[in-house]
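Chemist: Provided herewith: run-v8.cif, mmCIF, C-alpha atoms.
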```cif
data_entry
loop_
_atom_site.group_PDB
_atom_site.id
_atom_site.type_symbol
_atom_site.label_atom_id
_atom_site.label_comp_id
_atom_site.auth_asym_id
_atom_site.auth_seq_id
_atom_site.Cartn_x
_atom_site.Cartn_y
_atom_site.Cartn_z
ATOM 1 C CA MET X 1 -6.218 -13.462 -13.454
ATOM 2 C CA GLU X 2 -9.190 -11.705 -11.856
ATOM 3 C CA VAL X 3 -8.249 -9.220 -9.128
ATOM 4 C CA THR X 4 -11.263 -7.774 -7.284
ATOM 5 C CA HIS X 5 -9.753 -5.378 -4.724
ATOM 6 C CA ILE X 6 -6.814 -4.668 -2.435
ATOM 7 C CA GLU X 7 -7.242 -7.287 0.290
ATOM 8 C CA HIS X 8 -4.682 -5.795 2.674
ATOM 9 C CA ILE X 9 -1.558 -3.706 3.038
ATOM 10 C CA GLY X 10 1.116 -5.145 5.332
ATOM 11 C CA ILE X 11 3.123 -2.545 7.278
ATOM 12 C CA ALA X 12 6.258 -3.430 9.256
ATOM 13 C CA VAL X 13 6.378 -1.607 12.593
ATOM 14 C CA LYS X 14 8.860 -1.744 15.453
ATOM 15 C CA ASN X 15 6.187 -1.442 18.090
ATOM 16 C CA LEU X 16 2.658 -2.732 17.562
ATOM 17 C CA GLU X 17 1.155 -0.614 20.360
ATOM 18 C CA GLU X 18 2.578 2.577 18.879
ATOM 19 C CA GLY X 19 1.228 1.601 15.453
ATOM 20 C CA ILE X 20 -2.217 0.860 16.873
ATOM 21 C CA ARG X 21 -2.225 4.265 18.585
ATOM 22 C CA PHE X 22 -1.607 6.095 15.279
ATOM 23 C CA TYR X 23 -4.218 4.202 13.266
ATOM 24 C CA GLU X 24 -6.819 4.423 16.056
ATOM 25 C CA GLN X 25 -6.242 7.852 17.574
ATOM 26 C CA VAL X 26 -5.135 9.845 14.532
ATOM 27 C CA LEU X 27 -6.848 8.140 11.583
ATOM 28 C CA GLY X 28 -9.849 7.028 13.649
ATOM 29 C CA LEU X 29 -9.765 3.376 12.491
ATOM 30 C CA LYS X 30 -10.550 0.511 14.870
ATOM 31 C CA CYS X 31 -8.208 -2.394 15.589
ATOM 32 C CA TYR X 32 -10.568 -5.390 15.336
ATOM 33 C CA ALA X 33 -8.091 -8.227 15.891
ATOM 34 C CA ILE X 34 -4.592 -9.021 17.087
ATOM 35 C CA GLU X 35 -3.180 -12.342 15.897
ATOM 36 C CA GLU X 36 0.188 -14.055 16.271
ATOM 37 C CA VAL X 37 1.385 -15.925 13.164
ATOM 38 C CA LYS X 38 4.071 -18.136 14.672
ATOM 39 C CA ASP X 39 5.609 -19.523 11.489
ATOM 40 C CA GLN X 40 6.123 -15.960 10.210
ATOM 41 C CA LYS X 41 7.423 -14.812 13.632
ATOM 42 C CA VAL X 42 5.043 -11.857 13.734
ATOM 43 C CA LYS X 43 2.304 -10.363 15.827
ATOM 44 C CA THR X 44 -0.266 -8.576 13.662
ATOM 45 C CA ALA X 45 -2.963 -5.975 14.306
ATOM 46 C CA PHE X 46 -5.835 -5.601 11.824
ATOM 47 C CA PHE X 47 -7.863 -2.534 10.843
ATOM 48 C CA LYS X 48 -10.572 -2.296 8.190
ATOM 49 C CA VAL X 49 -10.785 0.733 5.915
ATOM 50 C CA GLY X 50 -13.366 0.338 3.150
ATOM 51 C CA GLN X 51 -12.679 -2.923 1.283
ATOM 52 C CA THR X 52 -9.102 -3.103 2.513
ATOM 53 C CA LYS X 53 -7.369 -4.182 5.709
ATOM 54 C CA ILE X 54 -4.327 -2.542 7.202
ATOM 55 C CA GLU X 55 -2.163 -5.266 8.752
ATOM 56 C CA LEU X 56 0.498 -3.974 11.128
ATOM 57 C CA LEU X 57 3.339 -6.474 11.572
ATOM 58 C CA GLU X 58 5.676 -6.528 14.576
ATOM 59 C CA SER X 59 8.439 -9.089 14.561
ATOM 60 C CA THR X 60 8.510 -11.453 17.525
ATOM 61 C CA GLU X 61 12.143 -12.381 16.717
ATOM 62 C CA ALA X 62 14.959 -10.261 15.241
ATOM 63 C CA GLU X 63 15.688 -13.101 12.801
ATOM 64 C CA GLY X 64 12.125 -13.250 11.448
ATOM 65 C CA PRO X 65 11.273 -11.825 8.006
ATOM 66 C CA ILE X 66 9.828 -8.583 9.445
ATOM 67 C CA GLY X 67 12.758 -8.131 11.825
ATOM 68 C CA LYS X 68 15.165 -8.473 8.895
ATOM 69 C CA PHE X 69 13.083 -6.130 6.722
ATOM 70 C CA ILE X 70 13.141 -3.386 9.378
ATOM 71 C CA GLU X 71 16.880 -3.842 9.929
ATOM 72 C CA LYS X 72 17.502 -3.413 6.199
ATOM 73 C CA LYS X 73 14.911 -0.846 5.148
ATOM 74 C CA GLY X 74 13.390 0.589 8.310
ATOM 75 C CA GLU X 75 9.722 0.651 9.180
ATOM 76 C CA GLY X 76 7.261 0.992 6.313
ATOM 77 C CA ILE X 77 5.042 -0.848 3.875
ATOM 78 C CA HIS X 78 6.161 -4.464 3.627
ATOM 79 C CA HIS X 79 3.752 -5.980 1.137
ATOM 80 C CA LEU X 80 0.635 -5.393 -0.925
ATOM 81 C CA ALA X 81 -2.037 -8.083 -1.155
ATOM 82 C CA PHE X 82 -4.562 -8.375 -3.982
ATOM 83 C CA ALA X 83 -7.757 -10.398 -3.590
ATOM 84 C CA VAL X 84 -8.144 -12.825 -6.492
ATOM 85 C CA LYS X 85 -10.894 -15.256 -7.429
ATOM 86 C CA ASP X 86 -8.736 -18.347 -8.010
ATOM 87 C CA ILE X 87 -5.477 -18.330 -6.073
ATOM 88 C CA ASP X 88 -3.798 -21.358 -7.641
ATOM 89 C CA GLY X 89 -4.926 -20.444 -11.153
ATOM 90 C CA SER X 90 -3.647 -16.903 -10.571
ATOM 91 C CA LEU X 91 -0.222 -18.098 -9.361
ATOM 92 C CA LYS X 92 -0.013 -20.271 -12.469
ATOM 93 C CA ILE X 93 -0.845 -17.323 -14.737
ATOM 94 C CA ALA X 94 1.811 -15.165 -13.049
ATOM 95 C CA GLU X 95 4.409 -17.896 -13.540
ATOM 96 C CA GLU X 96 3.450 -18.351 -17.180
ATOM 97 C CA LYS X 97 3.943 -14.595 -17.665
ATOM 98 C CA GLY X 98 7.515 -14.904 -16.400
ATOM 99 C CA ILE X 99 7.032 -13.814 -12.773
ATOM 100 C CA GLN X 100 9.112 -15.755 -10.239
ATOM 101 C CA LEU X 101 6.929 -17.160 -7.464
ATOM 102 C CA ILE X 102 7.895 -17.344 -3.806
ATOM 103 C CA ASP X 103 5.032 -19.816 -3.298
ATOM 104 C CA LYS X 104 4.576 -22.246 -6.190
ATOM 105 C CA THR X 105 1.179 -23.221 -4.814
ATOM 106 C CA SER X 106 -1.047 -21.504 -2.271
ATOM 107 C CA ARG X 107 -0.658 -21.917 1.475
ATOM 108 C CA LYS X 108 -2.661 -20.769 4.505
ATOM 109 C CA GLY X 109 -2.020 -17.215 5.699
ATOM 110 C CA ALA X 110 -3.428 -14.927 8.395
ATOM 111 C CA GLU X 111 -7.217 -14.970 8.883
ATOM 112 C CA GLY X 112 -7.466 -18.351 7.111
ATOM 113 C CA LEU X 113 -6.927 -16.938 3.616
ATOM 114 C CA ASP X 114 -5.243 -18.998 0.893
ATOM 115 C CA ILE X 115 -2.220 -16.987 -0.208
ATOM 116 C CA GLY X 116 0.870 -16.936 -2.392
ATOM 117 C CA PHE X 117 3.656 -14.382 -2.877
ATOM 118 C CA LEU X 118 5.302 -13.124 -6.075
ATOM 119 C CA HIS X 119 8.990 -12.227 -5.973
ATOM 120 C CA PRO X 120 9.560 -8.441 -5.671
ATOM 121 C CA LYS X 121 12.383 -8.560 -8.239
ATOM 122 C CA PHE X 122 9.688 -9.244 -10.839
ATOM 123 C CA THR X 123 7.106 -6.758 -9.535
ATOM 124 C CA MET X 124 8.970 -3.435 -9.490
ATOM 125 C CA GLY X 125 10.179 -3.885 -5.914
ATOM 126 C CA VAL X 126 6.738 -4.466 -4.396
ATOM 127 C CA LEU X 127 6.434 -7.717 -2.457
ATOM 128 C CA THR X 128 3.089 -8.772 -3.949
ATOM 129 C CA GLU X 129 0.699 -11.241 -2.347
ATOM 130 C CA LEU X 130 -2.290 -12.816 -4.027
ATOM 131 C CA CYS X 131 -5.008 -14.173 -1.772
ATOM 132 C CA GLU X 132 -8.368 -15.847 -1.938
ATOM 133 C CA ASP X 133 -10.966 -15.957 0.788
ATOM 134 C CA LYS X 134 -12.477 -19.364 0.026
ATOM 135 C CA LYS X 135 -14.948 -19.046 2.914
ATOM 136 C CA ASN X 136 -16.604 -16.073 1.221
ATOM 137 C CA THR X 137 -16.188 -16.773 -2.486
ATOM 138 C CA LYS X 138 -17.106 -20.446 -2.843
ATOM 139 C CA MET P 1 -11.061 12.285 11.296
ATOM 140 C CA GLU P 2 -13.281 10.186 9.052
ATOM 141 C CA VAL P 3 -11.379 7.894 6.674
ATOM 142 C CA THR P 4 -13.623 6.090 4.174
ATOM 143 C CA HIS P 5 -11.235 3.960 2.115
ATOM 144 C CA ILE P 6 -7.764 3.695 0.621
ATOM 145 C CA GLU P 7 -7.850 6.265 -2.175
ATOM 146 C CA HIS P 8 -4.616 5.157 -3.820
ATOM 147 C CA ILE P 9 -1.248 3.519 -3.384
ATOM 148 C CA GLY P 10 1.694 5.331 -4.975
ATOM 149 C CA ILE P 11 4.436 3.058 -6.328
ATOM 150 C CA ALA P 12 7.818 4.387 -7.477
ATOM 151 C CA VAL P 13 8.999 2.642 -10.650
ATOM 152 C CA LYS P 14 12.060 3.153 -12.822
ATOM 153 C CA ASN P 15 10.194 2.539 -16.043
ATOM 154 C CA LEU P 16 6.500 3.327 -16.414
ATOM 155 C CA GLU P 17 6.021 1.079 -19.464
ATOM 156 C CA GLU P 18 7.450 -1.912 -17.620
ATOM 157 C CA GLY P 19 5.186 -1.160 -14.646
ATOM 158 C CA ILE P 20 2.125 -0.870 -16.875
ATOM 159 C CA ARG P 21 2.983 -4.215 -18.484
ATOM 160 C CA PHE P 22 3.016 -6.003 -15.093
ATOM 161 C CA TYR P 23 -0.246 -4.507 -13.823
ATOM 162 C CA GLU P 24 -2.034 -5.040 -17.149
ATOM 163 C CA GLN P 25 -0.660 -8.320 -18.426
ATOM 164 C CA VAL P 26 -0.060 -10.205 -15.185
ATOM 165 C CA LEU P 27 -2.654 -8.783 -12.766
ATOM 166 C CA GLY P 28 -5.178 -8.058 -15.525
ATOM 167 C CA LEU P 29 -5.869 -4.438 -14.450
ATOM 168 C CA LYS P 30 -6.423 -1.673 -16.996
ATOM 169 C CA CYS P 31 -4.384 1.538 -17.161
ATOM 170 C CA TYR P 32 -7.095 4.189 -17.557
ATOM 171 C CA ALA P 33 -4.957 7.345 -17.532
ATOM 172 C CA ILE P 34 -1.404 8.606 -17.852
ATOM 173 C CA GLU P 35 -0.780 12.055 -16.407
ATOM 174 C CA GLU P 36 2.317 14.201 -15.964
ATOM 175 C CA VAL P 37 2.457 16.184 -12.709
ATOM 176 C CA LYS P 38 5.112 18.748 -13.559
ATOM 177 C CA ASP P 39 5.623 20.301 -10.123
ATOM 178 C CA GLN P 40 6.278 16.793 -8.686
ATOM 179 C CA LYS P 41 8.520 15.893 -11.653
ATOM 180 C CA VAL P 42 6.640 12.644 -12.285
ATOM 181 C CA LYS P 43 4.716 10.831 -14.947
ATOM 182 C CA THR P 44 1.956 8.676 -13.450
ATOM 183 C CA ALA P 45 -0.131 5.759 -14.690
ATOM 184 C CA PHE P 46 -3.434 4.969 -12.982
ATOM 185 C CA PHE P 47 -5.227 1.642 -12.480
ATOM 186 C CA LYS P 48 -8.442 0.997 -10.573
ATOM 187 C CA VAL P 49 -8.806 -2.056 -8.351
ATOM 188 C CA GLY P 50 -12.026 -2.059 -6.331
ATOM 189 C CA GLN P 51 -12.257 1.234 -4.398
ATOM 190 C CA THR P 52 -8.536 1.907 -4.721
ATOM 191 C CA LYS P 53 -6.235 3.252 -7.399
ATOM 192 C CA ILE P 54 -2.730 2.067 -8.078
ATOM 193 C CA GLU P 55 -0.629 5.077 -9.098
ATOM 194 C CA LEU P 56 2.684 4.186 -10.731
ATOM 195 C CA LEU P 57 5.191 7.042 -10.505
ATOM 196 C CA GLU P 58 8.157 7.446 -12.824
ATOM 197 C CA SER P 59 10.472 10.359 -12.200
ATOM 198 C CA THR P 60 10.946 12.753 -15.097
ATOM 199 C CA GLU P 61 14.134 14.131 -13.443
ATOM 200 C CA ALA P 62 16.741 12.403 -11.273
ATOM 201 C CA GLU P 63 16.458 15.279 -8.793
ATOM 202 C CA GLY P 64 12.689 14.928 -8.360
ATOM 203 C CA PRO P 65 11.208 13.342 -5.206
ATOM 204 C CA ILE P 66 10.609 9.961 -6.890
ATOM 205 C CA GLY P 67 14.075 9.947 -8.467
ATOM 206 C CA LYS P 68 15.624 10.554 -5.055
ATOM 207 C CA PHE P 69 13.391 7.927 -3.416
ATOM 208 C CA ILE P 70 14.469 5.250 -5.920
ATOM 209 C CA GLU P 71 18.125 6.207 -5.542
ATOM 210 C CA LYS P 72 17.881 5.807 -1.758
ATOM 211 C CA LYS P 73 15.472 2.895 -1.325
ATOM 212 C CA GLY P 74 14.993 1.328 -4.758
ATOM 213 C CA GLU P 75 11.673 0.797 -6.495
ATOM 214 C CA GLY P 76 8.648 0.082 -4.325
ATOM 215 C CA ILE P 77 5.683 1.577 -2.521
ATOM 216 C CA HIS P 78 6.219 5.301 -2.078
ATOM 217 C CA HIS P 79 3.076 6.444 -0.274
ATOM 218 C CA LEU P 80 -0.331 5.411 0.978
ATOM 219 C CA ALA P 81 -3.316 7.730 0.494
ATOM 220 C CA PHE P 82 -6.468 7.637 2.605
ATOM 221 C CA ALA P 83 -9.715 9.219 1.405
ATOM 222 C CA VAL P 84 -11.116 11.533 4.089
ATOM 223 C CA LYS P 85 -14.306 13.556 4.267
ATOM 224 C CA ASP P 86 -12.786 16.894 5.317
ATOM 225 C CA ILE P 87 -9.180 17.343 4.243
ATOM 226 C CA ASP P 88 -8.353 20.551 6.119
ATOM 227 C CA GLY P 89 -10.176 19.443 9.265
ATOM 228 C CA SER P 90 -8.331 16.084 9.055
ATOM 229 C CA LEU P 91 -4.914 17.750 8.710
ATOM 230 C CA LYS P 92 -5.748 19.881 11.745
ATOM 231 C CA ILE P 93 -6.726 16.817 13.791
ATOM 232 C CA ALA P 94 -3.474 15.059 12.836
ATOM 233 C CA GLU P 95 -1.459 18.109 13.906
ATOM 234 C CA GLU P 96 -3.350 18.360 17.192
ATOM 235 C CA LYS P 97 -2.489 14.695 17.850
ATOM 236 C CA GLY P 98 1.214 15.495 17.493
ATOM 237 C CA ILE P 99 1.791 14.408 13.871
ATOM 238 C CA GLN P 100 4.153 16.655 11.900
ATOM 239 C CA LEU P 101 2.543 17.806 8.657
ATOM 240 C CA ILE P 102 4.345 18.177 5.339
ATOM 241 C CA ASP P 103 1.396 20.255 4.101
ATOM 242 C CA LYS P 104 -0.075 22.559 6.749
ATOM 243 C CA THR P 105 -3.130 23.109 4.566
ATOM 244 C CA SER P 106 -4.413 21.151 1.588
ATOM 245 C CA ARG P 107 -3.194 21.675 -1.968
ATOM 246 C CA LYS P 108 -4.215 20.311 -5.377
ATOM 247 C CA GLY P 109 -2.818 16.894 -6.311
ATOM 248 C CA ALA P 110 -3.228 14.474 -9.221
ATOM 249 C CA GLU P 111 -6.735 14.027 -10.627
ATOM 250 C CA GLY P 112 -7.856 17.315 -9.035
ATOM 251 C CA LEU P 113 -8.017 15.920 -5.490
ATOM 252 C CA ASP P 114 -7.333 18.143 -2.464
ATOM 253 C CA ILE P 115 -4.434 16.544 -0.636
ATOM 254 C CA GLY P 116 -2.000 16.852 2.255
ATOM 255 C CA PHE P 117 0.897 14.699 3.452
ATOM 256 C CA LEU P 118 1.849 13.605 6.980
ATOM 257 C CA HIS P 119 5.546 13.221 7.796
ATOM 258 C CA PRO P 120 6.668 9.548 7.711
ATOM 259 C CA LYS P 121 8.725 9.987 10.901
ATOM 260 C CA PHE P 122 5.421 10.275 12.744
ATOM 261 C CA THR P 123 3.584 7.485 10.891
ATOM 262 C CA MET P 124 5.830 4.434 11.349
ATOM 263 C CA GLY P 125 7.815 5.091 8.178
ATOM 264 C CA VAL P 126 4.802 5.250 5.857
ATOM 265 C CA LEU P 127 4.550 8.467 3.840
ATOM 266 C CA THR P 128 0.832 9.041 4.448
ATOM 267 C CA GLU P 129 -1.391 11.197 2.269
ATOM 268 C CA LEU P 130 -4.890 12.333 3.124
ATOM 269 C CA CYS P 131 -7.115 13.359 0.254
ATOM 270 C CA GLU P 132 -10.596 14.564 -0.435
ATOM 271 C CA ASP P 133 -12.454 14.378 -3.721
ATOM 272 C CA LYS P 134 -14.538 17.541 -3.404
ATOM 273 C CA LYS P 135 -16.155 16.944 -6.803
ATOM 274 C CA ASN P 136 -17.789 13.763 -5.521
ATOM 275 C CA THR P 137 -18.393 14.486 -1.841
ATOM 276 C CA LYS P 138 -19.848 17.985 -1.816
#
```
Take the structure from the file and write it as structure tokens.
Modeler:
Amino acid sequence: MEVTHIEHIGIAVKNLEEGIRFYEQVLGLKCYAIEEVKDQKVKTAFFKVGQTKIELLESTEAEGPIGKFIEKKGEGIHHLAFAVKDIDGSLKIAEEKGIQLIDKTSRKGAEGLDIGFLHPKFTMGVLTELCEDKKNTK
Amino acid sequence: MEVTHIEHIGIAVKNLEEGIRFYEQVLGLKCYAIEEVKDQKVKTAFFKVGQTKIELLESTEAEGPIGKFIEKKGEGIHHLAFAVKDIDGSLKIAEEKGIQLIDKTSRKGAEGLDIGFLHPKFTMGVLTELCEDKKNTK
């Protein structure tokens, strides 16, 4: 598997506006996009810091994955996404190494990336996403 | 405040060797250093991925901050560190914006960086570190 950089860090927040205020007014980053991902029941705000994006995630429904995460663990970092060169090959390698996959094959995620998640029970508690930006790498 | 990139992501693990195995054998990253930080009661393993380091943290004592974190929340991402150009000026800006500081002024952290932490109650649950590498920026 070839990992090139941290693509993004997903952070579960109760209130997107409050999150945007901290990252813009305290850290001085700029929110460059707000996107609703309906099948994940989230509204997301994106910031760029060096090679990496910060992706704030506010649940649009209490029963969505982010709503449940906050209920169980509180606000905080939800997942860590690594940019890889070959998403489906990388998922296959992870599975061959004994890592349980949440996504057996890649699917479309936010910003049009091809993504797949590894199960946090096999990754020291970190919900780990692999993603490939096919627009910019092929 | 001028943030340039994500300096590192600190991940609390129960077993450093198991963590190293995942990041090396599955993700294909290379552990380039293992360091014990005695005053934090941790042993750390470092990996580089693009601009960012992954810092695995194993507690050397159950009563240390990482031991307590794992007892309360389980393994997972412990903190997020942003590289800034002026650590003490950045801490001052954060305080002026109403963010409670854990470190009022910077102190030495792992790898000789000058660091300071913001309180997670004021940063949407994310234990946020600011750090400056004075060796490479001045």
Chemist: Could you tell me, as JSON, numbers by chain, exactly which residues end up selected when the PyMOL selection byres ((chain P) within 7 of (chain X)) is applied to this structure?
Modeler: {"P": [1, 2, 3, 4, 5, 6, 13, 19, 22, 26, 27, 28, 49, 50, 75, 76, 77, 94, 97, 123, 124, 125, 126]}
Chemist: What's the separation between CA of Gly67 in chain P and CA of Glu36 in chain P, in Å to one decimal place?
Modeler: 14.6 Å
Chemist: Record the distance separating CA of Glu24 in chain X and CA of Phe47 in chain X, expressed in Å with one decimal.
Modeler: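 Rounded to one decimal, the two atoms are 8.8 Å apart.
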Chemist: Report as JSON the centre and the edge lengths, in Å to one decimal, of the axis-aligned box holding every listed atom of range 77-95 of chain P, padded by 8 Å on each side.
Modeler:
```
{"center_x": -4.0, "center_y": 11.1, "center_z": 5.7, "size_x": 36.5, "size_y": 35.0, "size_z": 32.4}
```
Chemist: For a test of reading the model, state the distance in Å between CA of Phe117 in chain X and CA of Val42 in chain X, rounded to one decimal.
Modeler: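 It comes out at 16.9 Å.
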Chemist: Using the chain letters and numbers from the file, give me the residues hit by the PyMOL selection byres ((chain P and resi 87) around 8), as an mmCIF file with C-alpha atoms, in the frame of the given file.
Modeler:
```
data_model
loop_
_atom_site.group_PDB
_atom_site.id
_atom_site.type_symbol
_atom_site.label_atom_id
_atom_site.label_comp_id
_atom_site.auth_asym_id
_atom_site.auth_seq_id
_atom_site.Cartn_x
_atom_site.Cartn_y
_atom_site.Cartn_z
ATOM 1 C CA VAL P 84 -11.116 11.533 4.089
ATOM 2 C CA LYS P 85 -14.306 13.556 4.267
ATOM 3 C CA ASP P 86 -12.786 16.894 5.317
ATOM 4 C CA ASP P 88 -8.353 20.551 6.119
ATOM 5 C CA GLY P 89 -10.176 19.443 9.265
ATOM 6 C CA SER P 90 -8.331 16.084 9.055
ATOM 7 C CA LEU P 91 -4.914 17.750 8.710
ATOM 8 C CA SER P 106 -4.413 21.151 1.588
ATOM 9 C CA ASP P 114 -7.333 18.143 -2.464
ATOM 10 C CA ILE P 115 -4.434 16.544 -0.636
ATOM 11 C CA GLY P 116 -2.000 16.852 2.255
ATOM 12 C CA LEU P 130 -4.890 12.333 3.124
ATOM 13 C CA CYS P 131 -7.115 13.359 0.254
ATOM 14 C CA GLU P 132 -10.596 14.564 -0.435
#
```
Chemist: For each of P:Glu63, P:Asp103, P:Asp39, P:Glu111, take the minimum atom-to-atom distance to Lys135 in chain P, counting all atoms listed in the file, then give the residue where this is smallest.
Modeler: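 So, comparing all the options, the nearest one is P:Glu111.
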